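Have a look at query_6.cif; it's mmCIF, C-alpha atoms:
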```cif
data_structure
loop_
_atom_site.label_atom_id
_atom_site.label_comp_id
_atom_site.auth_asym_id
_atom_site.auth_seq_id
_atom_site.Cartn_x
_atom_site.Cartn_y
_atom_site.Cartn_z
CA MET P 1 0.00 0.00 0.00
CA THR P 2 1.42 3.33 -1.01
CA THR P 3 -1.31 5.83 -0.09
CA GLN P 4 -2.17 7.06 3.35
CA ALA P 5 -5.79 7.82 2.44
CA ILE P 6 -8.45 5.83 4.28
CA THR P 7 -10.05 4.18 1.28
CA PRO P 8 -13.27 2.14 1.08
CA GLU P 9 -11.10 -0.87 0.23
CA LEU P 10 -9.08 -0.44 3.41
CA ARG P 11 -12.19 -0.09 5.53
CA GLN P 12 -13.68 -3.24 4.01
CA TRP P 13 -10.45 -5.13 4.66
CA ILE P 14 -10.48 -4.03 8.32
CA LEU P 15 -14.11 -5.12 8.65
CA ASP P 16 -13.35 -8.48 7.05
CA GLN P 17 -10.54 -9.09 9.56
CA ALA P 18 -12.79 -8.15 12.48
CA LEU P 19 -15.57 -10.44 11.29
CA ALA P 20 -13.02 -13.24 10.91
CA GLY P 21 -12.16 -12.90 14.61
CA CYS P 22 -8.77 -11.19 14.29
CA GLN P 23 -7.60 -9.19 17.29
CA PRO P 24 -7.30 -5.38 16.79
CA ALA P 25 -3.61 -5.43 17.75
CA ASP P 26 -2.91 -8.06 15.07
CA VAL P 27 -4.80 -6.06 12.42
CA LEU P 28 -2.88 -2.93 13.37
CA ALA P 29 0.44 -4.80 13.19
CA ALA P 30 -0.43 -6.08 9.71
CA MET P 31 -1.19 -2.54 8.57
CA ARG P 32 2.08 -1.21 9.98
CA ASN P 33 3.98 -4.01 8.24
CA SER P 34 2.31 -3.00 4.98
CA GLY P 35 3.59 0.56 5.31
CA TRP P 36 0.69 2.36 6.95
CA ASP P 37 1.39 5.24 9.32
CA GLU P 38 0.23 4.13 12.77
CA ASP P 39 -2.02 7.13 13.47
CA THR P 40 -3.74 6.69 10.09
CA ALA P 41 -4.15 2.98 10.70
CA VAL P 42 -5.67 3.54 14.16
CA ALA P 43 -8.03 6.20 12.79
CA ALA P 44 -9.16 3.83 10.03
CA MET P 45 -9.80 1.04 12.54
CA GLU P 46 -11.72 3.30 14.93
CA GLN P 47 -13.92 4.74 12.17
CA THR P 48 -14.65 1.39 10.58
CA LEU P 49 -15.43 -0.50 13.77
CA ARG P 50 -17.45 2.34 15.28
CA GLU P 51 -19.63 2.54 12.18
CA ARG P 52 -20.07 -1.22 12.23
CA LEU P 53 -21.19 -1.18 15.86
CA GLN P 54 -23.65 1.60 15.11
CA GLN P 55 -25.05 -0.39 12.18
CA VAL P 56 -25.79 -3.37 14.39
CA GLY P 57 -27.43 -1.24 17.06
CA HIS P 58 -24.70 -0.70 19.66
CA THR P 59 -24.22 2.65 21.36
CA VAL P 60 -20.61 3.71 21.05
CA THR P 61 -18.86 6.25 23.25
CA ALA P 62 -16.45 8.39 21.32
CA ALA P 63 -12.81 7.70 22.08
CA PRO P 64 -10.19 10.39 22.66
CA ALA P 65 -8.33 11.25 19.50
CA SER P 66 -4.82 10.02 18.93
CA GLY P 67 -2.31 12.15 20.75
CA ALA P 68 -4.55 13.18 23.66
CA PRO P 69 -2.60 14.92 26.46
CA VAL P 70 -1.06 12.51 28.96
CA PRO P 71 0.98 12.80 32.15
CA GLU P 72 4.69 13.12 31.42
CA PRO P 73 7.66 13.62 33.77
CA ALA P 74 10.20 16.29 32.83
CA LEU P 75 12.67 14.06 30.98
CA GLU P 76 13.59 16.32 28.04
CA ALA P 77 17.16 16.78 29.30
CA ALA P 78 17.54 13.03 30.07
CA PRO P 79 18.03 13.58 33.84
CA THR P 80 19.07 10.74 36.12
CA ARG P 81 17.23 12.31 39.06
CA LEU P 82 14.11 14.42 39.50
CA SER P 83 12.88 16.43 42.47
CA ALA P 84 9.19 16.31 43.35
CA GLU P 85 7.89 18.26 46.35
CA GLY P 86 11.39 18.21 47.82
CA HIS P 87 11.77 14.43 47.40
CA GLU P 88 14.53 13.15 45.11
CA VAL P 89 13.52 10.35 42.73
CA ARG P 90 15.93 8.38 40.50
CA VAL P 91 15.15 7.76 36.83
CA LEU P 92 16.17 4.14 36.27
CA THR P 93 14.68 3.18 32.90
CA THR P 94 12.74 4.93 30.14
CA LEU P 95 10.93 3.58 27.10
CA LYS P 96 9.29 5.81 24.49
CA ARG P 97 6.76 3.48 22.88
CA PRO P 98 5.02 2.53 25.00
CA ARG P 99 5.86 5.39 27.31
CA VAL P 100 7.24 3.60 30.37
CA VAL P 101 9.41 5.10 33.10
CA VAL P 102 10.84 3.18 36.06
CA PHE P 103 11.56 5.35 39.11
CA GLY P 104 13.83 4.52 42.02
CA GLY P 105 13.09 5.68 45.55
CA LEU P 106 9.72 7.26 44.85
CA LEU P 107 8.63 6.16 48.33
CA SER P 108 10.74 5.87 51.45
CA ASP P 109 10.88 2.69 53.52
CA GLU P 110 8.90 4.46 56.24
CA GLU P 111 6.17 5.47 53.79
CA CYS P 112 5.92 1.94 52.43
CA THR P 113 5.56 0.51 55.94
CA ALA P 114 2.96 3.11 56.90
CA LEU P 115 0.87 2.50 53.76
CA MET P 116 0.79 -1.26 54.37
CA ALA P 117 -0.19 -0.72 58.02
CA LEU P 118 -3.02 1.67 57.08
CA ALA P 119 -4.33 -0.55 54.29
CA GLY P 120 -4.02 -3.95 55.98
CA PRO P 121 -7.19 -3.91 58.12
CA ARG P 122 -9.29 -2.75 55.14
CA LEU P 123 -8.20 -5.31 52.53
CA LEU P 124 -10.90 -7.27 50.68
CA ARG P 125 -10.86 -9.49 47.57
CA SER P 126 -9.96 -7.16 44.67
CA GLU P 127 -12.60 -6.14 42.15
CA THR P 128 -12.22 -4.81 38.61
CA VAL P 129 -14.28 -2.23 36.76
CA ASP P 130 -16.98 -3.89 34.65
CA ASN P 131 -17.04 -1.91 31.38
CA ALA P 132 -20.34 -3.53 30.42
CA THR P 133 -22.22 -2.02 33.36
CA GLY P 134 -19.97 0.72 34.75
CA GLY P 135 -19.87 -1.04 38.12
CA SER P 136 -17.25 -3.35 39.63
CA GLU P 137 -17.04 -7.08 40.19
CA VAL P 138 -14.73 -9.82 41.44
CA ASN P 139 -12.76 -11.17 38.47
CA ALA P 140 -10.86 -14.48 38.28
CA ALA P 141 -8.07 -12.71 36.39
CA ARG P 142 -7.22 -10.68 39.50
CA THR P 143 -6.35 -12.79 42.53
CA SER P 144 -5.33 -10.17 45.06
CA ASP P 145 -6.74 -8.35 48.08
CA GLY P 146 -7.18 -4.60 47.87
CA MET P 147 -8.68 -1.35 49.14
CA PHE P 148 -8.95 2.30 48.11
CA PHE P 149 -7.99 5.40 50.05
CA SER P 150 -9.95 8.58 49.43
CA ARG P 151 -7.85 11.27 47.81
CA GLY P 152 -6.05 13.21 50.55
CA GLU P 153 -7.51 10.92 53.23
CA THR P 154 -4.53 11.32 55.59
CA PRO P 155 -1.47 13.61 55.65
CA LEU P 156 0.63 10.65 54.44
CA ILE P 157 -1.69 10.00 51.46
CA ASP P 158 -1.92 13.70 50.64
CA GLY P 159 1.86 14.10 50.62
CA ILE P 160 2.39 11.10 48.35
CA GLU P 161 -0.33 12.29 45.95
CA ARG P 162 1.20 15.76 45.74
CA ARG P 163 4.59 14.20 45.02
CA ILE P 164 3.10 12.12 42.22
CA ALA P 165 1.34 15.15 40.72
CA ALA P 166 4.59 17.13 40.70
CA LEU P 167 6.65 14.21 39.35
CA LEU P 168 4.27 13.42 36.49
CA CYS P 169 3.30 17.04 35.76
CA TRP P 170 -0.40 16.22 36.07
CA PRO P 171 -3.07 17.97 38.18
CA LEU P 172 -3.61 16.54 41.65
CA GLU P 173 -7.38 16.62 41.17
CA ASN P 174 -7.15 14.43 38.05
CA GLY P 175 -5.97 11.44 40.08
CA GLU P 176 -8.09 8.63 41.46
CA GLY P 177 -7.60 7.66 45.08
CA LEU P 178 -4.65 5.39 45.85
CA GLN P 179 -5.37 1.68 45.68
CA VAL P 180 -3.29 -0.73 47.78
CA LEU P 181 -3.09 -4.39 46.74
CA ARG P 182 -1.62 -7.46 48.41
CA TYR P 183 -0.68 -10.53 46.36
CA ARG P 184 -0.10 -13.77 48.26
CA PRO P 185 1.93 -16.71 46.83
CA GLY P 186 0.42 -17.75 43.52
CA ALA P 187 -1.65 -14.57 43.15
CA GLU P 188 -1.43 -12.63 39.91
CA TYR P 189 -3.16 -10.10 37.68
CA ARG P 190 -3.39 -11.40 34.13
CA PRO P 191 -2.49 -9.02 31.25
CA HIS P 192 -5.04 -6.27 30.73
CA HIS P 193 -5.40 -2.61 29.76
CA ASP P 194 -6.22 0.13 32.27
CA TYR P 195 -8.23 2.36 29.94
CA PHE P 196 -12.00 1.96 29.65
CA ASP P 197 -13.16 0.26 26.46
CA PRO P 198 -15.19 2.82 24.43
CA ALA P 199 -17.25 0.04 22.82
CA GLN P 200 -18.66 -1.18 26.15
CA ALA P 201 -22.08 0.00 27.27
CA GLY P 202 -20.98 0.92 30.80
CA THR P 203 -18.08 3.15 29.73
CA ALA P 204 -20.20 6.30 29.40
CA ARG P 205 -21.16 6.03 33.07
CA ILE P 206 -17.53 5.51 34.14
CA LEU P 207 -16.28 8.49 32.12
CA GLN P 208 -18.65 10.86 33.93
CA ARG P 209 -16.28 10.82 36.91
CA GLY P 210 -13.29 12.36 35.13
CA GLY P 211 -12.98 11.06 31.58
CA GLN P 212 -10.64 8.36 30.38
CA ARG P 213 -7.68 7.02 32.28
CA VAL P 214 -4.50 8.26 30.58
CA GLY P 215 -1.76 7.08 32.93
CA THR P 216 -0.90 4.50 35.60
CA LEU P 217 1.69 4.54 38.38
CA VAL P 218 2.42 1.29 40.25
CA MET P 219 4.49 1.72 43.42
CA TYR P 220 6.08 -1.28 45.13
CA LEU P 221 5.64 -1.29 48.90
CA ASN P 222 7.84 -4.34 49.50
CA THR P 223 10.19 -6.67 47.64
CA PRO P 224 8.66 -10.16 47.39
CA GLU P 225 10.92 -13.16 47.84
CA GLY P 226 10.12 -14.34 44.32
CA GLY P 227 8.07 -13.40 41.25
CA GLY P 228 5.59 -10.55 41.01
CA ALA P 229 7.14 -8.55 38.16
CA THR P 230 5.02 -6.04 36.26
CA THR P 231 5.02 -7.36 32.70
CA PHE P 232 4.41 -5.65 29.36
CA PRO P 233 3.86 -8.59 26.95
CA ASP P 234 3.65 -6.47 23.78
CA VAL P 235 7.22 -5.24 24.20
CA GLY P 236 8.80 -8.03 26.26
CA LEU P 237 9.46 -5.80 29.27
CA GLU P 238 9.44 -6.97 32.90
CA VAL P 239 9.86 -4.57 35.83
CA ALA P 240 11.06 -6.15 39.05
CA PRO P 241 9.08 -5.21 42.18
CA VAL P 242 11.61 -3.44 44.41
CA ARG P 243 10.48 -1.68 47.57
CA GLY P 244 10.13 2.07 47.10
CA ASN P 245 10.46 1.91 43.32
CA ALA P 246 7.63 2.53 40.85
CA VAL P 247 6.73 2.03 37.20
CA PHE P 248 4.75 4.65 35.27
CA PHE P 249 3.14 4.27 31.86
CA SER P 250 0.75 6.41 29.83
CA TYR P 251 -1.70 5.81 26.99
CA ASP P 252 -3.00 8.60 24.77
CA ARG P 253 -6.02 6.65 23.47
CA PRO P 254 -8.06 3.66 24.61
CA ASP P 255 -6.63 1.25 22.07
CA PRO P 256 -4.25 -1.75 22.07
CA SER P 257 -1.94 0.19 19.72
CA THR P 258 -0.63 2.03 22.79
CA ARG P 259 1.14 -1.26 23.65
CA THR P 260 0.26 -0.80 27.32
CA LEU P 261 -1.04 -4.33 27.82
CA HIS P 262 0.39 -5.23 31.23
CA GLY P 263 0.00 -7.67 34.07
CA GLY P 264 1.28 -8.74 37.45
CA ALA P 265 3.23 -11.99 37.19
CA PRO P 266 2.43 -14.65 39.81
CA VAL P 267 4.15 -14.28 43.16
CA THR P 268 6.26 -17.39 43.67
CA ALA P 269 7.39 -16.76 47.25
CA GLY P 270 6.35 -14.35 49.97
CA GLU P 271 3.88 -11.52 49.38
CA LYS P 272 3.82 -8.53 47.07
CA TRP P 273 2.31 -5.20 48.13
CA VAL P 274 1.71 -2.37 45.65
CA ALA P 275 0.00 1.01 45.63
CA THR P 276 -1.55 2.06 42.32
CA LYS P 277 -2.45 5.56 41.16
CA TRP P 278 -4.62 5.97 38.05
CA LEU P 279 -4.69 9.34 36.31
CA ARG P 280 -7.71 10.68 34.42
CA GLU P 281 -8.14 13.20 31.58
CA GLY P 282 -10.14 15.53 33.79
CA VAL P 283 -11.06 16.16 37.40
CA PHE P 284 -11.90 12.88 39.15
CA ILE P 285 -14.96 13.15 41.36
#
```
As a first step, turn the structure in this file into structure tokens.
Amino acid sequence: MTTQAITPELRQWILDQALAGCQPADVLAAMRNSGWDEDTAVAAMEQTLRERLQQVGHTVTAAPASGAPVPEPALEAAPTRLSAEGHEVRVLTTLKRPRVVVFGGLLSDEECTALMALAGPRLLRSETVDNATGGSEVNAARTSDGMFFSRGETPLIDGIERRIAALLCWPLENGEGLQVLRYRPGAEYRPHHDYFDPAQAGTARILQRGGQRVGTLVMYLNTPEGGGATTFPDVGLEVAPVRGNAVFFSYDRPDPSTRTLHGGAPVTAGEKWVATKWLREGVFI
């Protein structure tokens, strides 16, 4: 293919692949391999599949356009350290596509211990957001215990949230409350995306609270004896869970092309504790 125009032939080809059961990420990869610009390919897929859903009677929530603003730490000068609210954080690893940054020392040992102590008595079997209804439910793919803090619930939580906002250059009020999770031996979180699927009926309800998720920060509160890495299967990346460190990634559209498929590998020994911060497009209420 030599043209970058979204032709009727291209749209029909995309529809044929979808009807044949091909995964969107595989269709996108085939288009890139044939010489298509990624943004054009994504736009063609979104238009074609949205129109198809409308034809068969589904209500579709519009997705953010490619290149929507996302959180981004100040890495233009390739620093090895950043200061956020007076706290020094090391920049250990960066990846551009997907945008992944591994931070060292984002939390102190004392903060990690305090978060686990505060969260422990409130832990329950973790739930996931159900895009079909907009509610939440226990999911077999997520075998952890968890709880949510309200934003700014304690001085400790407020200080950590302000540090995150400064580090990622994203408004404090656009962040969801911190979630703390505990994974026992054998527990895992199978690969998934954090954005809300625009094609699901419940997404419109979810987006009323602050728009799409555009970034995720996973902070490690302890170092498990074995396993528990945060994995990115699309790019073959594994981030080891080291106490006080964190991994950040962003996604400018709710689409697999962002390559932000990720999971929590099974814990093979000991426990893994993490605190997760999700960042929204707008003010989270």
For Gln17 (chain P), the closest of P:Asp37, P:Thr48, P:Val100, P:Glu111 counting only C-alpha atoms is P:Thr48
For the contact check between region 155-199 of chain P and region 266-275 of chain P, emit one row per residue of region 155-199 of chain P within 12 Å, containing the shortest atom pair and the distance in Å rounded to one decimal, counting all atoms listed in the file, chain then rising number order, as JSON lines.
```
{"residue": "P:Ile157", "atom": "CA", "partner": "P:Ala275", "partner_atom": "CA", "distance": 10.8}
{"residue": "P:Ile160", "atom": "CA", "partner": "P:Ala275", "partner_atom": "CA", "distance": 10.7}
{"residue": "P:Glu161", "atom": "CA", "partner": "P:Ala275", "partner_atom": "CA", "distance": 11.3}
{"residue": "P:Glu176", "atom": "CA", "partner": "P:Ala275", "partner_atom": "CA", "distance": 11.9}
{"residue": "P:Gly177", "atom": "CA", "partner": "P:Ala275", "partner_atom": "CA", "distance": 10.1}
{"residue": "P:Leu178", "atom": "CA", "partner": "P:Ala275", "partner_atom": "CA", "distance": 6.4}
{"residue": "P:Gln179", "atom": "CA", "partner": "P:Ala275", "partner_atom": "CA", "distance": 5.4}
{"residue": "P:Val180", "atom": "CA", "partner": "P:Ala275", "partner_atom": "CA", "distance": 4.3}
{"residue": "P:Leu181", "atom": "CA", "partner": "P:Val274", "partner_atom": "CA", "distance": 5.3}
{"residue": "P:Arg182", "atom": "CA", "partner": "P:Trp273", "partner_atom": "CA", "distance": 4.5}
{"residue": "P:Tyr183", "atom": "CA", "partner": "P:Lys272", "partner_atom": "CA", "distance": 5.0}
{"residue": "P:Arg184", "atom": "CA", "partner": "P:Glu271", "partner_atom": "CA", "distance": 4.7}
{"residue": "P:Pro185", "atom": "CA", "partner": "P:Val267", "partner_atom": "CA", "distance": 4.9}
{"residue": "P:Gly186", "atom": "CA", "partner": "P:Val267", "partner_atom": "CA", "distance": 5.1}
{"residue": "P:Ala187", "atom": "CA", "partner": "P:Pro266", "partner_atom": "CA", "distance": 5.3}
{"residue": "P:Glu188", "atom": "CA", "partner": "P:Pro266", "partner_atom": "CA", "distance": 4.4}
{"residue": "P:Tyr189", "atom": "CA", "partner": "P:Pro266", "partner_atom": "CA", "distance": 7.5}
{"residue": "P:Arg190", "atom": "CA", "partner": "P:Pro266", "partner_atom": "CA", "distance": 8.8}
{"residue": "P:Pro191", "atom": "CA", "partner": "P:Pro266", "partner_atom": "CA", "distance": 11.4}
```
Exercise for the section: I need the residue set behind the PyMOL selection byres ((chain P and resi 86) around 12) for this file; please write it as a count of residues only. Expected result: 15
inquiry  = If I take CA of Lys277 (chain P) and CA of Ser108 (chain P), how far is one from the other in Å, to one decimal?
reply    =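 Value for the CA of Lys277 (chain P)-CA of Ser108 (chain P) distance: 16.7 Å.
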- Counting all atoms listed in the file, which of P:Ala44, P:Met219, P:Ala265, P:Leu118 gets nearest to Phe232 (chain P)?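 Result for the nearest residue to Phe232 (chain P): P:Ala265.
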At most 8 Å from (4.4, -2.8, 19.4), file frame, all atoms listed in the file: which residues, as a short mmCIF file (atom, residue, chain, number, x, y, z; two decimals) with C-alpha atoms, in the frame of the given file?
```
data_model
loop_
_atom_site.label_atom_id
_atom_site.label_comp_id
_atom_site.auth_asym_id
_atom_site.auth_seq_id
_atom_site.Cartn_x
_atom_site.Cartn_y
_atom_site.Cartn_z
CA ALA P 29 0.44 -4.80 13.19
CA ARG P 97 6.76 3.48 22.88
CA PRO P 98 5.02 2.53 25.00
CA ASP P 234 3.65 -6.47 23.78
CA VAL P 235 7.22 -5.24 24.20
CA SER P 257 -1.94 0.19 19.72
CA THR P 258 -0.63 2.03 22.79
CA ARG P 259 1.14 -1.26 23.65
#
```
query = CA of Pro8 (chain P) and CA of Glu46 (chain P) are how many Å apart?
reply =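 CA of Glu46 (chain P) lies 14.0 Å from CA of Pro8 (chain P).
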Please write as a PyMOL selection string the full residue list that the PyMOL selection byres ((chain P and resi 250) around 9) yields on this file. chain P and resi 70-72+98-100+213-217+248-249+251-252+258+260+279
Practice prompt. Measure the distance from CA of Met45 (chain P) to CA of Ile14 (chain P) in Å and round it to one decimal.
Written response: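 Calculated distance between CA of Met45 (chain P) and CA of Ile14 (chain P) is 6.6 Å.
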Expand the PyMOL selection byres ((chain P and resi 240) around 10) into the individual residues it matches in the shown file, reporting them as number ranges by chain. P: 102, 220, 223-224, 226-231, 237-239, 241-243, 245-247, 265
Could you check the closest approach to Gln200 (chain P) for each of P:His262, P:Gly175, P:Arg50, P:Leu28 and tell me which residue wins, using only C-alpha atoms?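 Of the candidates, the smallest distance to Gln200 (chain P) is held by P:Arg50.
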Choose the residue, out of P:Gln212, P:Asn222, P:Thr143, P:Thr154, that has the smallest atom-to-atom separation from Phe196 (chain P); count only C-alpha atoms.
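Closest to Phe196 (chain P), using only C-alpha atoms: P:Gln212.
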Between P:Pro155, P:Ala119, P:Thr113, P:Phe103, smallest distance to Val218 (chain P) by all atoms listed in the file belongs to P:Phe103
Since fewer atoms than expected are present, regenerate N, CA and C atoms for region 73-90 of chain P and write them as a short mmCIF file (atom, residue, chain, number, x, y, z; two decimals), in the frame of the given file.
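Done, and the output landed in part_38.cif:
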```cif
data_model
loop_
_atom_site.label_atom_id
_atom_site.label_comp_id
_atom_site.auth_asym_id
_atom_site.auth_seq_id
_atom_site.Cartn_x
_atom_site.Cartn_y
_atom_site.Cartn_z
N PRO P 73 6.60 13.02 32.95
CA PRO P 73 7.66 13.62 33.77
C PRO P 73 8.60 14.45 32.91
N ALA P 74 9.31 15.37 33.55
CA ALA P 74 10.20 16.29 32.83
C ALA P 74 11.51 15.59 32.47
N LEU P 75 11.51 14.86 31.37
CA LEU P 75 12.67 14.06 30.98
C LEU P 75 13.36 14.59 29.72
N GLU P 76 13.02 15.80 29.28
CA GLU P 76 13.59 16.32 28.04
C GLU P 76 15.11 16.35 28.06
N ALA P 77 15.70 16.67 29.20
CA ALA P 77 17.16 16.78 29.30
C ALA P 77 17.81 15.47 29.74
N ALA P 78 17.05 14.36 29.69
CA ALA P 78 17.54 13.03 30.07
C ALA P 78 18.18 13.04 31.47
N PRO P 79 17.46 13.54 32.48
CA PRO P 79 18.03 13.58 33.84
C PRO P 79 18.09 12.18 34.44
N THR P 80 19.01 12.00 35.37
CA THR P 80 19.07 10.74 36.12
C THR P 80 18.32 10.85 37.45
N ARG P 81 17.98 12.07 37.83
CA ARG P 81 17.23 12.31 39.06
C ARG P 81 16.24 13.44 38.85
N LEU P 82 15.12 13.37 39.53
CA LEU P 82 14.11 14.42 39.50
C LEU P 82 13.73 14.76 40.93
N SER P 83 13.35 16.01 41.15
CA SER P 83 12.88 16.43 42.47
C SER P 83 11.39 16.71 42.40
N ALA P 84 10.63 16.11 43.31
CA ALA P 84 9.19 16.31 43.35
C ALA P 84 8.77 16.62 44.77
N GLU P 85 8.30 17.84 45.01
CA GLU P 85 7.89 18.26 46.35
C GLU P 85 9.01 18.05 47.37
N GLY P 86 10.25 18.33 46.93
CA GLY P 86 11.39 18.21 47.82
C GLY P 86 11.92 16.80 47.99
N HIS P 87 11.35 15.83 47.30
CA HIS P 87 11.77 14.43 47.40
C HIS P 87 12.53 14.05 46.13
N GLU P 88 13.73 13.52 46.27
CA GLU P 88 14.53 13.15 45.11
C GLU P 88 14.17 11.74 44.64
N VAL P 89 13.90 11.63 43.34
CA VAL P 89 13.52 10.35 42.73
C VAL P 89 14.51 10.04 41.61
N ARG P 90 14.99 8.79 41.55
CA ARG P 90 15.93 8.38 40.50
C ARG P 90 15.17 7.92 39.26
#
```
